[in-house]
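Q: Next up is a structure, given as structure tokens.
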Amino acid sequence: MRIKAIFFDVGGVLLSYASWKKADKYLDRALKKRFPKLNIKKLHEIWAVEWSRRNRATSDKGFETMRSQAENSLHLSLVSLGFIPTKTYVKSVLDIWYKIAEKNAEATPGARRMLAKLKCSGYRTGIITNADWNVVIPHLRRAGLLGYIDYKIVSSRLRSYKPDLKLFKEALRVSNLKPEEIVFVGDSADLDFKPAREIGMIPLLFNRKEGRGRITNFEELLEFLRSRGENDCLK
């Protein structure tokens with residue numbers, strides 16, 4: 001059966017993590033200025049664990065946006081290290097973090113060219129992402145990718161996170177396609193590859209070493225499609 005649409009994860013696939021790293025540097029400086037004795041490395045370790053815990057618990061306790069998870073988990077992490085920030089302060093530093101990340105948003109090398117070739121070839125494109133709508137859409141716009149995206153499956157709109165199949169089923173619904181007509185490209189085996197495969201899509205792991213179902217760059221995605229006899233726009 002002919003492939004008719006390609007869906008992508010966003011962070012680490014269509015968008016580079018570089019903008020987040022720049023924002024992290026600002027955040028580290030701001031926190032260190034406010035709390036001179038703060039161990040930044042230890043904070044990030046605790047924050048990552050707490051954020052992940054809140055994300056896993058969201059299905060049991062009701063949906064919580066990524067922004068809310070970030071604020072609450074950072075506040076709790078600082079408190080666990082013996083510091084007492086106000087929630088207003090945490091919100092203010094994360095406000096700037098998000099602004100810096102958006103201002104510096106950039107496409108993964110080759111992403112814009114790849115999307116243009118897919119559109120030329122008649123493919124529909126979409127995203128399935130664990131993100132907040134008011135974050136991911138401005139990032140894609142800033143990076144020059146938003147105009148290439150037909151379908152936007154965003155966790156904050158569906159109030160659910162991958163690997164919940166709800167997001168993948170929504171992709172099938174809005175595209176009106178069969179699972180085997182869709183390729184899904186993500187960078188997580190657990191959040192992307194496994195649920196896409198479970199629902200019947202063709203899953204590809206991006207930026208991974210060679211192997212079955214793995215591609216290291218967008219040219220390999222185009223080559224995968226060429227191997228199925230697709231048209232000249234992919235050359």
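In the structure tokens, the first chain shown is A, the next is B, and so on; residue numbers restart at 1 for each chain, and ligands run from 1 in the order shown.
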Go through region 98-157 of chain A and collect every residue that DSSP, computed from the backbone, puts in strand (DSSP E); the answer should be as a PyMOL selection string.

A: chain A and resi 124-129+151-154

Q: Env of Arg29 (chain A): 10 Å cut, atoms = only C-alpha atoms, seq-sep filter 6 positions within chain, self excluded. Answer as a list of chain:residue names.

A: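 Here the answer would be A:Phe35, A:Pro36, A:Ile40.
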
Q: Export, as a compact mmCIF listing (two decimals), in the first residue's frame, the selected residues with C-alpha atoms.

A:
```
# COMPACT_ATOMS: atom_id res chain seq x y z
CA PHE A 35 20.78 31.07 45.18
CA PRO A 36 24.62 31.28 45.22
CA ILE A 40 23.16 23.33 39.48
```

Q: When distances are computed from only C-alpha atoms, which of A:Trp97, A:Trp51, A:Phe168, A:Phe218 shows the smallest separation from Lys25 (chain A)?

A: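 Ranking A:Trp97, A:Trp51, A:Phe168, A:Phe218 by distance to Lys25 (chain A), first place goes to A:Trp97.
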
Q: Using only C-alpha atoms, which protein or nucleic acid residues come within 12 Å of Leu14 (chain A)? Drop anything in the same chain fewer than 3 positions from it, and give the result as a PyMOL selection string.

A: chain A and resi 7-11+17+105-115+125-129+136+139-141+143-146+148-149+185-187+206-207+217-218

Q: Within 8 Å of Leu204 (chain A), counting only C-alpha atoms, which residues qualify if same-chain residues fewer than 6 places away don't, as an mmCIF file with C-alpha atoms, in the first residue's frame?

A:
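Writing done, so here's part_19.cif:
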```cif
data_model
loop_
_atom_site.group_PDB
_atom_site.id
_atom_site.type_symbol
_atom_site.label_atom_id
_atom_site.label_comp_id
_atom_site.auth_asym_id
_atom_site.auth_seq_id
_atom_site.Cartn_x
_atom_site.Cartn_y
_atom_site.Cartn_z
ATOM 1 C CA VAL A 183 5.179 6.684 8.433
ATOM 2 C CA PHE A 184 5.928 8.044 11.897
ATOM 3 C CA VAL A 185 9.406 9.400 12.619
ATOM 4 C CA GLY A 186 10.407 9.857 16.258
ATOM 5 C CA PHE A 193 8.461 3.721 17.809
ATOM 6 C CA GLY A 213 13.663 0.826 11.564
ATOM 7 C CA ARG A 214 16.438 3.342 12.229
ATOM 8 C CA ILE A 215 17.581 6.358 10.233
#
```

Q: Please provide the set of residues having any atom within 12 Å of Lys169 (chain A), restricted to only C-alpha atoms, with same-chain residues fewer than 4 positions apart removed, written as a list in words.

A: Ile128, Ile153, Leu158, Ser160, Lys162, Pro163, Asp164, Leu165, Arg173, Val174, Ser175, Asn176, Leu177, Lys178, Pro179, Ile182, Pro195, Ala196, Glu198, Ile199, Gly200 and Met201 of chain A

Q: Do a neighbour search on Asp132 (chain A) at 10 Å with only C-alpha atoms, toss out local chain neighbours closer than 3 positions, and write the hits as a short mmCIF file (atom, residue, chain, number, x, y, z; two decimals) with C-alpha atoms, in the first residue's frame.

A:
```cif
data_model
loop_
_atom_site.label_atom_id
_atom_site.label_comp_id
_atom_site.auth_asym_id
_atom_site.auth_seq_id
_atom_site.Cartn_x
_atom_site.Cartn_y
_atom_site.Cartn_z
CA THR A 65 0.47 20.73 30.85
CA MET A 66 4.20 20.62 30.24
CA ARG A 67 4.47 24.21 31.45
CA SER A 68 2.74 23.34 34.71
CA THR A 129 4.18 15.66 19.98
CA VAL A 135 4.99 26.50 22.78
CA VAL A 136 5.41 24.11 19.86
CA ILE A 137 3.51 26.16 17.27
CA VAL A 154 -0.38 18.16 20.25
CA SER A 155 -0.72 16.67 23.71
CA SER A 156 -2.10 19.79 25.39
CA ARG A 157 -5.03 19.79 22.93
CA ARG A 159 -4.96 16.18 27.18
#
```

Q: Give me, as a list in words, all polymer residues having an atom no more than 8 Å from Arg124 (chain A), counting only C-alpha atoms and skipping those fewer than 3 positions away in the same chain.

A: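 Listed by chain and then number, they are Lys4, Ala5, Ile6, Leu118, Lys119, Ile149 and Asp150 of chain A.
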
Q: Keeping only C-alpha atoms, take the residues you just selected and write them out as a PDB file, in the first residue's frame.

A:
```pdb
ATOM      1  CA  LYS A   4       0.429   8.912   1.873  1.00  0.00           C
ATOM      2  CA  ALA A   5       1.557  10.808   4.974  1.00  0.00           C
ATOM      3  CA  ILE A   6       4.605  11.287   7.157  1.00  0.00           C
ATOM      4  CA  LEU A 118       7.685  15.656   0.731  1.00  0.00           C
ATOM      5  CA  LYS A 119       5.172  18.367  -0.158  1.00  0.00           C
ATOM      6  CA  ILE A 149       2.737  20.885   8.461  1.00  0.00           C
ATOM      7  CA  ASP A 150      -0.793  19.749   7.563  1.00  0.00           C
TER       8      ASP A 150
END
```

Q: Going by DSSP on the backbone, which bits of region 16-219 of chain A are helix (DSSP H, G or I)? Write them as a ChimeraX atom specification, please.

A: /A:18-34,40-61,66-80,87-103,111-120,133-142,146-148,155-158,165-175,179-181,189-199,218-219

Q: One decimal, in Å: what's the spacing between CA of Ile46 (chain A) and CA of Ser77 (chain A)?

A: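 A separation of 5.9 Å between them.
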
Q: What's the separation between CA of Leu221 (chain A) and CA of Leu205 (chain A), in Å to one decimal place?

A: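 Straight-line distance from CA of Leu221 (chain A) to CA of Leu205 (chain A) works out to 10.1 Å.
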